[in-house]
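Text of the file start-v4.cif, holding mmCIF, C-alpha atoms and all ligand atoms:
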```cif
data_target
#
loop_
_atom_site.label_atom_id
_atom_site.label_comp_id
_atom_site.auth_asym_id
_atom_site.auth_seq_id
_atom_site.Cartn_x
_atom_site.Cartn_y
_atom_site.Cartn_z
CA MET Y 1 -28.54 2.09 -53.18
CA SER Y 2 -30.15 -1.04 -51.72
CA VAL Y 3 -28.37 -3.45 -49.38
CA HIS Y 4 -28.46 -6.02 -52.18
CA GLU Y 5 -26.60 -3.66 -54.56
CA MET Y 6 -24.02 -2.88 -51.88
CA VAL Y 7 -23.18 -6.58 -51.44
CA SER Y 8 -21.46 -7.15 -54.80
CA THR Y 9 -19.28 -9.97 -53.51
CA VAL Y 10 -20.23 -12.48 -50.85
CA PHE Y 11 -17.18 -12.81 -48.60
CA GLU Y 12 -16.15 -15.86 -46.59
CA PHE Y 13 -16.01 -15.62 -42.80
CA THR Y 14 -14.20 -18.72 -41.55
CA GLY Y 15 -11.65 -17.09 -39.22
CA GLY Y 16 -13.81 -17.16 -36.11
CA ASN Y 17 -12.74 -13.60 -35.22
CA LEU Y 18 -13.28 -10.22 -36.87
CA CYS Y 19 -9.62 -9.25 -37.33
CA LEU Y 20 -8.68 -12.72 -38.66
CA ASP Y 21 -11.52 -12.61 -41.19
CA PHE Y 22 -10.19 -9.23 -42.26
CA ALA Y 23 -6.68 -10.68 -42.73
CA ASN Y 24 -8.36 -13.33 -44.93
CA THR Y 25 -9.55 -10.76 -47.48
CA LEU Y 26 -6.35 -11.60 -49.37
CA GLY Y 27 -6.56 -15.03 -50.97
CA GLY Y 28 -3.71 -17.32 -51.99
CA ALA Y 29 -0.23 -17.37 -50.45
CA ARG Y 30 1.63 -14.12 -49.77
CA GLY Y 31 4.79 -13.95 -51.85
CA SER Y 32 3.71 -16.52 -54.44
CA GLY Y 33 0.43 -15.42 -56.03
CA THR Y 34 -2.32 -13.68 -54.12
CA ARG Y 35 -5.90 -12.74 -54.91
CA GLU Y 36 -7.01 -9.33 -53.65
CA HIS Y 37 -10.66 -9.30 -52.52
CA LEU Y 38 -10.64 -5.62 -51.49
CA LEU Y 39 -9.99 -4.01 -54.86
CA THR Y 40 -12.01 -0.85 -54.22
CA TYR Y 41 -13.36 1.19 -51.32
CA HIS Y 42 -16.77 -0.19 -52.32
CA ASP Y 43 -15.44 -3.71 -51.55
CA LEU Y 44 -14.22 -2.52 -48.13
CA VAL Y 45 -17.67 -1.11 -47.31
CA SER Y 46 -19.35 -4.28 -48.58
CA TRP Y 47 -17.06 -6.49 -46.49
CA SER Y 48 -17.62 -4.31 -43.40
CA LEU Y 49 -21.39 -4.55 -43.85
CA GLN Y 50 -21.22 -8.35 -44.17
CA ALA Y 51 -18.88 -8.51 -41.15
CA GLY Y 52 -21.47 -6.55 -39.15
CA ILE Y 53 -19.23 -3.64 -38.15
CA ILE Y 54 -21.33 -1.05 -39.98
CA THR Y 55 -25.08 -0.91 -40.54
CA ALA Y 56 -26.80 -0.82 -43.93
CA ASP Y 57 -27.56 2.89 -43.38
CA GLN Y 58 -23.92 3.64 -42.58
CA ALA Y 59 -22.79 1.64 -45.64
CA ALA Y 60 -25.17 3.57 -47.89
CA LEU Y 61 -23.92 6.89 -46.49
CA LEU Y 62 -20.26 5.93 -46.97
CA GLN Y 63 -20.94 4.77 -50.55
CA SER Y 64 -22.72 7.99 -51.45
CA GLU Y 65 -19.97 10.15 -49.89
CA THR Y 66 -17.30 8.23 -51.82
CA GLY Y 67 -18.53 9.83 -55.04
CA ARG Y 68 -17.87 13.30 -53.58
CA GLU Y 69 -14.42 12.48 -52.17
CA PRO Y 70 -12.88 9.63 -54.19
CA GLY Y 71 -9.36 10.66 -53.19
CA GLU Y 72 -10.06 10.23 -49.49
CA ALA Y 73 -11.70 6.85 -50.09
CA GLU Y 74 -8.55 5.70 -51.94
CA VAL Y 75 -6.37 6.80 -49.02
CA VAL Y 76 -8.56 4.83 -46.58
CA LEU Y 77 -8.41 1.75 -48.84
CA ALA Y 78 -4.58 1.96 -48.83
CA ARG Y 79 -4.67 2.29 -45.02
CA ALA Y 80 -6.97 -0.76 -44.84
CA HIS Y 81 -4.53 -2.85 -46.93
CA LYS Y 82 -1.62 -1.73 -44.73
CA LEU Y 83 -3.52 -2.51 -41.51
CA ARG Y 84 -4.58 -5.90 -42.89
CA GLU Y 85 -1.00 -6.89 -43.73
CA ALA Y 86 0.15 -5.72 -40.29
CA ILE Y 87 -2.58 -7.84 -38.63
CA TYR Y 88 -1.62 -10.82 -40.79
CA GLY Y 89 2.09 -10.32 -40.02
CA LEU Y 90 1.55 -10.07 -36.25
CA PHE Y 91 -0.64 -13.17 -35.95
CA SER Y 92 1.38 -15.17 -38.48
CA SER Y 93 4.61 -14.55 -36.56
CA LEU Y 94 2.78 -15.56 -33.40
CA THR Y 95 1.74 -18.91 -34.92
CA ARG Y 96 5.41 -19.60 -35.74
CA GLY Y 97 6.63 -18.48 -32.32
CA ASP Y 98 8.60 -15.61 -33.92
CA GLN Y 99 9.07 -12.09 -32.57
CA PRO Y 100 6.58 -9.64 -34.14
CA ASP Y 101 7.84 -7.29 -36.84
CA GLY Y 102 8.33 -3.80 -35.41
CA SER Y 103 6.77 -2.05 -38.40
CA ASP Y 104 3.64 -4.26 -38.20
CA LEU Y 105 3.22 -3.33 -34.54
CA PHE Y 106 3.81 0.35 -35.37
CA THR Y 107 1.09 0.23 -38.06
CA LEU Y 108 -1.42 -1.38 -35.69
CA ASN Y 109 -0.55 1.02 -32.87
CA THR Y 110 -0.97 4.02 -35.21
CA GLU Y 111 -4.50 2.90 -36.17
CA LEU Y 112 -5.22 2.00 -32.55
CA GLY Y 113 -4.31 5.55 -31.53
CA TRP Y 114 -7.19 6.85 -33.70
CA ALA Y 115 -9.48 3.96 -32.77
CA LEU Y 116 -9.36 4.57 -29.03
CA VAL Y 117 -10.21 8.30 -29.18
CA GLY Y 118 -13.45 9.01 -27.33
CA GLY Y 119 -13.86 5.48 -25.97
CA HIS Y 120 -15.66 5.26 -22.65
CA LEU Y 121 -17.20 2.64 -20.39
CA ILE Y 122 -20.94 2.14 -19.93
CA ALA Y 123 -22.23 0.52 -16.74
CA HIS Y 124 -24.84 -2.27 -17.01
CA PRO Y 125 -26.49 -4.28 -14.21
CA ASP Y 126 -24.16 -7.22 -15.01
CA GLY Y 127 -20.94 -5.39 -15.88
CA PHE Y 128 -19.32 -2.80 -18.14
CA THR Y 129 -18.96 -2.46 -21.93
CA TRP Y 130 -16.92 -0.18 -24.16
CA GLN Y 131 -18.79 2.50 -26.05
CA TRP Y 132 -17.32 4.33 -29.06
CA PRO Y 133 -18.37 7.65 -30.62
CA ALA Y 134 -21.05 7.01 -33.27
CA GLU Y 135 -19.50 9.27 -35.87
CA GLN Y 136 -15.91 8.19 -35.36
CA GLN Y 137 -13.62 9.06 -38.26
CA GLY Y 138 -15.97 9.07 -41.28
CA PHE Y 139 -14.56 7.05 -44.20
CA SER Y 140 -12.15 5.12 -41.99
CA ARG Y 141 -14.64 4.16 -39.26
CA MET Y 142 -14.33 0.43 -40.02
CA LEU Y 143 -10.56 0.56 -39.49
CA SER Y 144 -11.20 1.52 -35.85
CA SER Y 145 -13.26 -1.64 -35.23
CA LEU Y 146 -10.57 -3.75 -36.94
CA ALA Y 147 -7.67 -2.25 -34.99
CA ARG Y 148 -9.55 -2.72 -31.69
CA SER Y 149 -10.43 -6.30 -32.66
CA ALA Y 150 -6.75 -7.11 -33.33
CA ALA Y 151 -5.62 -5.49 -30.05
CA THR Y 152 -8.31 -7.36 -28.09
CA LEU Y 153 -7.34 -10.75 -29.57
CA LEU Y 154 -3.59 -10.13 -29.21
CA THR Y 155 -4.08 -9.50 -25.48
CA ALA Y 156 -6.62 -12.32 -24.89
CA PRO Y 157 -5.79 -15.85 -23.64
CA GLU Y 158 -7.30 -17.44 -26.79
CA CYS Y 159 -4.56 -15.73 -28.83
CA GLN Y 160 -2.58 -18.97 -28.37
CA PHE Y 161 -5.18 -20.77 -30.51
CA VAL Y 162 -4.74 -18.61 -33.62
CA ARG Y 163 -3.57 -20.82 -36.49
CA GLU Y 164 -2.50 -20.36 -40.10
CA CYS Y 165 -3.94 -22.71 -42.74
CA ALA Y 166 -1.63 -25.70 -43.36
CA SER Y 167 -2.07 -25.45 -47.14
CA PRO Y 168 1.09 -24.23 -48.95
CA THR Y 169 -1.11 -22.12 -51.24
CA CYS Y 170 -3.17 -20.41 -48.50
CA ASN Y 171 -2.33 -17.91 -45.74
CA TRP Y 172 -5.73 -17.69 -44.09
CA LEU Y 173 -5.81 -17.35 -40.33
CA PHE Y 174 -8.37 -18.81 -37.95
CA LEU Y 175 -9.11 -19.22 -34.28
CA ASP Y 176 -8.99 -22.93 -33.50
CA ASN Y 177 -11.94 -23.48 -31.17
CA THR Y 178 -11.94 -27.26 -31.57
CA LYS Y 179 -11.80 -29.32 -28.36
CA ASN Y 180 -8.27 -30.67 -28.89
CA HIS Y 181 -7.00 -27.61 -30.84
CA ARG Y 182 -5.73 -29.63 -33.80
CA ARG Y 183 -7.61 -27.95 -36.63
CA ARG Y 184 -5.24 -27.52 -39.61
CA TRP Y 185 -7.29 -26.00 -42.43
CA CYS Y 186 -8.98 -22.62 -42.86
CA SER Y 187 -12.10 -24.45 -44.02
CA PRO Y 188 -13.01 -28.15 -44.21
CA THR Y 189 -14.74 -27.59 -47.56
CA GLY Y 190 -11.93 -25.50 -49.10
CA CYS Y 191 -8.30 -26.28 -48.26
CA GLY Y 192 -9.23 -29.25 -46.04
CA ASN Y 193 -11.09 -30.88 -48.90
CA LEU Y 194 -8.28 -30.18 -51.40
CA ALA Y 195 -5.80 -31.82 -49.02
CA LYS Y 196 -8.10 -34.86 -48.74
CA VAL Y 197 -8.28 -35.15 -52.55
CA ARG Y 198 -4.47 -34.83 -52.80
CA ARG Y 199 -3.95 -37.56 -50.16
CA HIS Y 200 -6.45 -39.81 -51.96
CA ARG Y 201 -4.65 -39.35 -55.32
CA GLN Y 202 -1.28 -39.99 -53.68
CA ARG Y 203 -2.56 -43.25 -52.14
CA ARG Y 204 -3.96 -44.37 -55.52
CA ARG Y 205 -0.64 -43.67 -57.25
CA GLU Y 206 1.18 -45.68 -54.59
CA GLN Y 207 -1.30 -48.58 -54.97
CA GLU Y 208 -0.93 -48.50 -58.78
CA ARG Y 209 2.85 -48.63 -58.46
CA GLY Y 210 2.31 -51.61 -56.14
ZN ZN U 1 -6.70 -22.44 -46.43
#
```

Show me the file's structure as structure tokens.
Amino acid sequence: MSVHEMVSTVFEFTGGNLCLDFANTLGGARGSGTREHLLTYHDLVSWSLQAGIITADQAALLQSETGREPGEAEVVLARAHKLREAIYGLFSSLTRGDQPDGSDLFTLNTELGWALVGGHLIAHPDGFTWQWPAEQQGFSRMLSSLARSAATLLTAPECQFVRECASPTCNWLFLDNTKNHRRRWCSPTGCGNLAKVRRHRQRRREQERG
């Protein structure tokens, strides 16, 4: 299978951080109409390839192995959905200043337990980096990167700049790297533009009413 065939859907990456982009693989607003972008294990592999957490060779291997063990791929997809909702729940509660949900933290910690197995530090002339086993956990290898990404952001100072889109029909998360930290929309061309159109229509209606 070529890389082109593996990329069936082109995903949006507007979150500014791996784990936030992963949370954004569910479109719409949770609880009132959502759009699932990870319908199959194939979608999960395709997203992971586009996110840069697996290589094209690894993606091809995972896709070919899926045919032999479809049941295991389904289990990993269900784990991915559960991890995603836990990541969304943790960061969303943070943006509201609420206490995190215990079951969301438990889900992340469970995946993190697997994700940290075999991790070790490598020394470089200018510092140290984490190194992870190349063949970590087969089908679920991308979940390890996602769990570590969430743990890293949750414990980083920039965690305070995680925001949830201001649109009532969108739950996307993003890291607000703007200078004054007043970004409100997941994307200026998507929700930001819709809000602009709505404001424009509202102003016109008010002008027409005089
Ligand atoms: Zn949005």

What does the structure give for the distance between CA of Gly118 (chain Y) and CA of Ser145 (chain Y), in Å to one decimal?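 Result for CA of Gly118 (chain Y) versus CA of Ser145 (chain Y): 13.3 Å, one decimal.
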
Please build the interface table for chain Y against ligand ZN 1 (chain U) with a cut-off of 10 Å, listing for each qualifying residue the nearest atom pair and the distance in Å to one decimal; count all atoms listed in the file, order rows by chain and increasing number, and write it as a tab-separated table.
```
residue	atom	partner	partner_atom	distance
Y:Thr14	CA	U:ZN1	ZN	9.7
Y:Asn24	CA	U:ZN1	ZN	9.4
Y:Gly27	CA	U:ZN1	ZN	8.7
Y:Gly28	CA	U:ZN1	ZN	8.1
Y:Ala29	CA	U:ZN1	ZN	9.2
Y:Glu164	CA	U:ZN1	ZN	7.9
Y:Cys165	CA	U:ZN1	ZN	4.6
Y:Ala166	CA	U:ZN1	ZN	6.8
Y:Ser167	CA	U:ZN1	ZN	5.6
Y:Pro168	CA	U:ZN1	ZN	8.4
Y:Thr169	CA	U:ZN1	ZN	7.4
Y:Cys170	CA	U:ZN1	ZN	4.6
Y:Asn171	CA	U:ZN1	ZN	6.3
Y:Trp172	CA	U:ZN1	ZN	5.4
Y:Leu173	CA	U:ZN1	ZN	8.0
Y:Phe174	CA	U:ZN1	ZN	9.4
Y:Arg184	CA	U:ZN1	ZN	8.6
Y:Trp185	CA	U:ZN1	ZN	5.4
Y:Cys186	CA	U:ZN1	ZN	4.2
Y:Ser187	CA	U:ZN1	ZN	6.2
Y:Pro188	CA	U:ZN1	ZN	8.8
Y:Thr189	CA	U:ZN1	ZN	9.6
Y:Gly190	CA	U:ZN1	ZN	6.6
Y:Cys191	CA	U:ZN1	ZN	4.5
Y:Gly192	CA	U:ZN1	ZN	7.3
Y:Asn193	CA	U:ZN1	ZN	9.8
Y:Leu194	CA	U:ZN1	ZN	9.3
Y:Ala195	CA	U:ZN1	ZN	9.8
```

If you measure from CA of Leu108 (chain Y) to CA of Thr152 (chain Y), what distance in Å do you get, rounded to one decimal?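 Spanning CA of Leu108 (chain Y) to CA of Thr152 (chain Y) is a straight-line distance of 11.9 Å.
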
For this session: Please measure the separation of CA of Leu146 (chain Y) and CA of Ala123 (chain Y), giving the value in Å to one decimal.
Result: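 Pair CA of Leu146 (chain Y) / CA of Ala123 (chain Y) returns 23.7 Å.
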
From the list Y:Asp126, Y:Glu36, Y:Glu206, Y:Asp57, the nearest residue to Glu85 (chain Y) using all atoms listed in the file is Y:Glu36
